[in-house]
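So this block is work-v3.txt, compact mmCIF, C-alpha atoms:
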```txt
# COMPACT_ATOMS: atom_id res chain seq x y z
CA GLN A 1 -17.92 8.27 16.33
CA VAL A 2 -20.32 11.21 16.16
CA TYR A 3 -23.66 10.95 17.93
CA GLY A 4 -26.69 13.16 17.68
CA PRO A 5 -28.68 14.50 20.62
CA GLY A 6 -29.91 12.07 23.26
CA TRP A 7 -28.49 9.44 25.61
CA HIS A 8 -25.44 7.42 24.61
CA ILE A 9 -23.32 4.87 26.46
CA GLY A 10 -19.53 4.91 26.23
CA LEU A 11 -16.47 3.50 27.93
CA PRO A 12 -14.59 5.69 30.41
CA TYR A 13 -11.56 7.81 29.49
CA PRO A 14 -8.87 6.91 28.23
CA ILE A 15 -10.67 4.27 26.14
CA GLU A 16 -13.32 6.67 24.89
CA GLN A 17 -13.69 10.40 25.22
CA TYR A 18 -16.83 12.52 25.21
CA LEU A 19 -16.73 15.91 23.51
CA LYS A 20 -19.82 18.07 23.34
CA ILE A 21 -19.70 20.34 20.30
CA PRO A 22 -22.17 23.26 20.26
CA VAL A 23 -23.91 23.52 16.89
CA ASP A 24 -26.07 26.56 17.63
CA GLN A 25 -25.51 29.82 15.78
CA ARG A 26 -22.83 32.06 17.26
CA THR A 27 -22.19 35.77 16.68
CA ILE A 28 -18.88 37.62 16.62
CA THR A 29 -18.85 41.41 16.76
CA LEU A 30 -15.95 43.10 14.99
CA ASP A 31 -16.31 46.50 16.60
CA ARG A 32 -12.63 47.39 17.13
CA ALA A 33 -10.61 45.96 14.21
CA PHE A 34 -11.82 48.52 11.65
CA TRP A 35 -13.07 51.32 13.92
CA PHE A 36 -11.32 54.36 15.33
CA ALA A 37 -10.64 54.74 19.04
CA PRO A 38 -12.95 57.40 20.55
CA PRO A 39 -11.09 60.60 21.45
CA PRO A 40 -10.55 61.22 25.17
CA GLY A 41 -13.50 62.97 26.80
CA SER A 42 -16.01 61.86 24.15
CA GLU A 43 -17.74 59.20 26.25
CA GLY A 44 -21.50 59.34 25.78
CA GLN A 45 -21.35 61.54 22.69
CA LEU A 46 -22.97 60.63 19.39
CA LEU A 47 -20.69 59.82 16.49
CA GLU A 48 -21.64 63.09 14.77
CA GLN A 49 -20.65 65.10 17.86
CA MET A 50 -17.15 63.66 18.18
CA ARG A 51 -14.26 65.74 16.96
CA GLY A 52 -11.55 63.56 15.54
CA GLY A 53 -7.90 64.18 15.27
CA PRO A 54 -5.26 62.43 13.22
CA LEU A 55 -5.55 58.66 12.99
CA SER A 56 -2.97 56.59 14.83
CA PRO A 57 -2.21 53.14 13.34
CA GLU A 58 -1.36 51.89 16.84
CA ARG A 59 -4.76 52.89 18.22
CA ASP A 60 -7.23 53.21 15.35
CA GLY A 61 -8.52 50.54 13.01
CA SER A 62 -9.47 51.30 9.43
CA LEU A 63 -10.04 49.92 5.95
CA ILE A 64 -8.56 51.18 2.69
CA THR A 65 -11.01 51.12 -0.19
CA GLY A 66 -10.32 50.47 -3.86
CA ASP A 67 -10.52 54.21 -4.57
CA ALA A 68 -7.74 54.84 -2.01
CA ASN A 69 -9.86 56.26 0.82
CA ILE A 70 -9.82 55.35 4.49
CA VAL A 71 -13.12 54.20 5.98
CA HIS A 72 -14.22 52.71 9.28
CA GLY A 73 -16.76 49.98 9.84
CA GLN A 74 -18.16 47.64 12.44
CA PHE A 75 -19.33 44.17 11.46
CA GLU A 76 -21.22 41.21 12.81
CA VAL A 77 -20.38 37.66 11.73
CA ARG A 78 -22.80 34.79 12.37
CA TYR A 79 -21.61 31.19 12.09
CA HIS A 80 -22.29 27.68 13.35
CA ILE A 81 -20.55 24.32 13.42
CA ALA A 82 -22.25 22.36 10.65
CA ASP A 83 -20.03 19.26 10.68
CA PRO A 84 -18.97 18.32 14.24
CA ALA A 85 -16.89 15.35 13.03
CA ALA A 86 -14.77 17.53 10.71
CA PHE A 87 -14.51 20.15 13.46
CA VAL A 88 -13.17 17.63 15.99
CA ARG A 89 -10.76 16.11 13.44
CA ASN A 90 -9.25 19.40 12.30
CA ILE A 91 -9.89 22.09 14.94
CA VAL A 92 -10.34 19.96 18.08
CA GLN A 93 -10.96 22.67 20.70
CA VAL A 94 -14.29 24.49 20.78
CA GLU A 95 -12.53 27.62 22.08
CA MET A 96 -10.59 27.86 18.80
CA ALA A 97 -13.69 28.36 16.63
CA GLU A 98 -14.14 32.06 17.46
CA PRO A 99 -10.51 33.16 16.88
CA ILE A 100 -10.39 31.22 13.61
CA VAL A 101 -13.65 32.73 12.34
CA ARG A 102 -12.59 36.21 13.54
CA ASN A 103 -9.26 36.07 11.67
CA ILE A 104 -10.82 34.73 8.48
CA ALA A 105 -13.59 37.36 8.68
CA GLU A 106 -11.10 40.20 9.10
CA ARG A 107 -9.14 38.99 6.08
CA ALA A 108 -12.29 38.68 3.94
CA ILE A 109 -13.56 42.12 5.00
CA LEU A 110 -10.18 43.71 4.15
CA HIS A 111 -10.25 42.06 0.73
CA VAL A 112 -13.83 43.13 -0.06
CA ALA A 113 -13.21 46.69 1.18
CA ALA A 114 -10.15 46.95 -1.08
CA GLN A 115 -12.45 46.27 -4.04
CA SER A 116 -15.15 48.73 -2.91
CA ARG A 117 -15.64 52.49 -3.10
CA ALA A 118 -15.72 54.77 -0.07
CA ASP A 119 -19.12 56.11 -1.14
CA ASP A 120 -20.53 52.60 -0.70
CA PHE A 121 -19.42 52.52 2.93
CA THR A 122 -20.95 55.92 3.66
CA ARG A 123 -24.25 54.51 2.38
CA SER A 124 -23.75 51.26 4.37
CA VAL A 125 -23.36 49.24 1.17
CA PHE A 126 -21.06 46.27 1.64
CA ASP A 127 -20.73 43.16 -0.54
CA ASP A 128 -21.56 40.74 2.25
CA VAL A 129 -22.03 37.87 -0.22
CA ALA A 130 -18.42 38.18 -1.44
CA ALA A 131 -17.12 38.32 2.15
CA ARG A 132 -19.22 35.30 3.17
CA ASP A 133 -18.13 33.31 0.09
CA MET A 134 -14.47 34.10 0.73
CA MET A 135 -14.84 33.00 4.36
CA ARG A 136 -16.64 29.81 3.33
CA ALA A 137 -13.87 28.94 0.87
CA SER A 138 -11.18 29.40 3.55
CA LEU A 139 -13.11 27.37 6.13
CA GLU A 140 -13.81 24.60 3.61
CA GLU A 141 -10.13 24.48 2.65
CA MET A 142 -9.32 23.95 6.33
CA GLU A 143 -12.05 21.28 6.54
CA SER A 144 -13.12 23.03 9.72
CA GLY A 145 -16.76 21.99 9.79
CA ILE A 146 -17.69 25.64 10.40
CA GLU A 147 -20.34 27.30 8.23
CA VAL A 148 -20.68 31.10 7.88
CA ASP A 149 -24.29 32.28 7.94
CA ALA A 150 -23.88 36.05 7.50
CA VAL A 151 -21.43 38.95 7.42
CA VAL A 152 -23.21 42.24 8.17
CA LEU A 153 -21.92 45.81 8.13
CA THR A 154 -23.60 47.21 11.26
CA ARG A 155 -22.09 50.70 11.34
```

Whole structure given in structure tokens:
Amino acid sequence: QVYGPGWHIGLPYPIEQYLKIPVDQRTITLDRAFWFAPPPGSEGQLLEQMRGGPLSPERDGSLITGDANIVHGQFEVRYHIADPAAFVRNIVQVEMAEPIVRNIAERAILHVAAQSRADDFTRSVFDDVAARDMMRASLEEMESGIEVDAVVLTR
């Protein structure tokens, strides 16, 4: 049984169980997955002042665009739990929402970047609608009860 806000009476555990599911909007920042690690000694420097060296796949994140270039980006993903009943049936733990959304967002961003041009990224153009739609389709397939509100290229 799913109840809305307010007072409700229930039997004690193990007969009934009370789970409070937060339905407010949450934000995930993807600032490491597709971004390079700052070189040693560059703390406090602006991005334009940093001198980069070769990229290391163990340390640096990146995206490969459709025109075969390597780009870096940082993203923000906003989501909320729209259907608490579906969420409890299929995800169960509130702590699992963020890792699930993070993984699906990373996959969608990789897919959209692979269909984009590097010039678009340098001008901060990103097909956020395609990324959001791909995420929504995955979350609906899981019947997760999670709704994606926005995917934003922040840097």

Identify, on the basis of only C-alpha atoms, every residue whose closest approach to range 122-136 of chain A does not exceed 7 Å; exclude the query and any residue fewer than 6 positions from it along the same chain; express the result as a ChimeraX atom specification. /A:104-105,108-109,112,147-148,150-153

Counting only C-alpha atoms, the option among A:Arg59, A:His80, A:Lys20, A:Arg117 closest to Leu139 in chain A: A:His80

Counting all atoms listed in the file, the residue among A:Ile28, A:Ile64, A:Gly4, A:Glu143 that lies closest to Pro99 in chain A is A:Ile28

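Note that the spacing between CA of Ile100 in chain A and CA of Ile146 in chain A amounts to 9.7 Å.
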
Measuring atom to atom with only C-alpha atoms, identify which of A:Trp7, A:Phe87, A:Phe121, A:Tyr79 is nearest to Thr27 in chain A.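 For Thr27 in chain A, the nearest of the given residues is A:Tyr79.
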
Could you check which of A:Val2, A:Arg32, A:Gly66, A:His72 is closest to Tyr18 in chain A, using all atoms listed in the file?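 Of all the options, A:Val2 lies closest to Tyr18 in chain A.
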
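Between CA of Met96 in chain A and CA of His8 in chain A the separation is 25.9 Å.
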
Within 6 Å of (-11.3, 52.6, 11.2) (coordinates as in the file), grab all the protein and nucleic acid residues, counting all atoms listed in the file, and write them out as an mmCIF file with C-alpha atoms, in the coordinates of the input.
```
data_model
loop_
_atom_site.group_PDB
_atom_site.id
_atom_site.type_symbol
_atom_site.label_atom_id
_atom_site.label_comp_id
_atom_site.auth_asym_id
_atom_site.auth_seq_id
_atom_site.Cartn_x
_atom_site.Cartn_y
_atom_site.Cartn_z
ATOM 1 C CA PHE A 34 -11.820 48.520 11.650
ATOM 2 C CA TRP A 35 -13.070 51.320 13.920
ATOM 3 C CA PHE A 36 -11.320 54.360 15.330
ATOM 4 C CA ASP A 60 -7.230 53.210 15.350
ATOM 5 C CA GLY A 61 -8.520 50.540 13.010
ATOM 6 C CA SER A 62 -9.470 51.300 9.430
ATOM 7 C CA VAL A 71 -13.120 54.200 5.980
ATOM 8 C CA HIS A 72 -14.220 52.710 9.280
#
```

Since the input lacks atoms, please generate N, CA and C atoms for range 110-124 of chain A and provide them as an mmCIF file, keeping the file's coordinate frame.
```cif
data_model
loop_
_atom_site.group_PDB
_atom_site.id
_atom_site.type_symbol
_atom_site.label_atom_id
_atom_site.label_comp_id
_atom_site.auth_asym_id
_atom_site.auth_seq_id
_atom_site.Cartn_x
_atom_site.Cartn_y
_atom_site.Cartn_z
ATOM 1 N N LEU A 110 -11.247 42.890 4.742
ATOM 2 C CA LEU A 110 -10.180 43.710 4.150
ATOM 3 C C LEU A 110 -10.159 43.560 2.640
ATOM 4 N N HIS A 111 -10.290 42.333 2.163
ATOM 5 C CA HIS A 111 -10.250 42.060 0.730
ATOM 6 C C HIS A 111 -11.443 42.710 0.013
ATOM 7 N N VAL A 112 -12.630 42.553 0.564
ATOM 8 C CA VAL A 112 -13.830 43.130 -0.060
ATOM 9 C C VAL A 112 -13.772 44.650 -0.020
ATOM 10 N N ALA A 113 -13.315 45.225 1.087
ATOM 11 C CA ALA A 113 -13.210 46.690 1.180
ATOM 12 C C ALA A 113 -12.233 47.225 0.151
ATOM 13 N N ALA A 114 -11.146 46.502 -0.115
ATOM 14 C CA ALA A 114 -10.150 46.950 -1.080
ATOM 15 C C ALA A 114 -10.693 46.950 -2.511
ATOM 16 N N GLN A 115 -11.822 46.284 -2.719
ATOM 17 C CA GLN A 115 -12.450 46.270 -4.040
ATOM 18 C C GLN A 115 -13.698 47.147 -4.075
ATOM 19 N N SER A 116 -13.949 47.892 -3.021
ATOM 20 C CA SER A 116 -15.150 48.730 -2.910
ATOM 21 C C SER A 116 -14.788 50.202 -3.028
ATOM 22 N N ARG A 117 -15.824 51.029 -3.095
ATOM 23 C CA ARG A 117 -15.640 52.490 -3.100
ATOM 24 C C ARG A 117 -16.046 53.039 -1.736
ATOM 25 N N ALA A 118 -15.413 54.144 -1.355
ATOM 26 C CA ALA A 118 -15.720 54.770 -0.070
ATOM 27 C C ALA A 118 -17.169 55.220 -0.006
ATOM 28 N N ASP A 119 -17.719 55.684 -1.118
ATOM 29 C CA ASP A 119 -19.120 56.110 -1.140
ATOM 30 C C ASP A 119 -20.056 54.976 -0.736
ATOM 31 N N ASP A 120 -19.702 53.743 -1.091
ATOM 32 C CA ASP A 120 -20.530 52.600 -0.700
ATOM 33 C C ASP A 120 -20.594 52.468 0.813
ATOM 34 N N PHE A 121 -19.443 52.638 1.475
ATOM 35 C CA PHE A 121 -19.420 52.520 2.930
ATOM 36 C C PHE A 121 -20.238 53.626 3.587
ATOM 37 N N THR A 122 -20.180 54.827 3.052
ATOM 38 C CA THR A 122 -20.950 55.920 3.660
ATOM 39 C C THR A 122 -22.438 55.686 3.527
ATOM 40 N N ARG A 123 -22.832 54.867 2.553
ATOM 41 C CA ARG A 123 -24.250 54.510 2.380
ATOM 42 C C ARG A 123 -24.549 53.129 2.955
ATOM 43 N N SER A 124 -23.627 52.584 3.744
ATOM 44 C CA SER A 124 -23.750 51.260 4.370
ATOM 45 C C SER A 124 -23.966 50.149 3.345
#
```
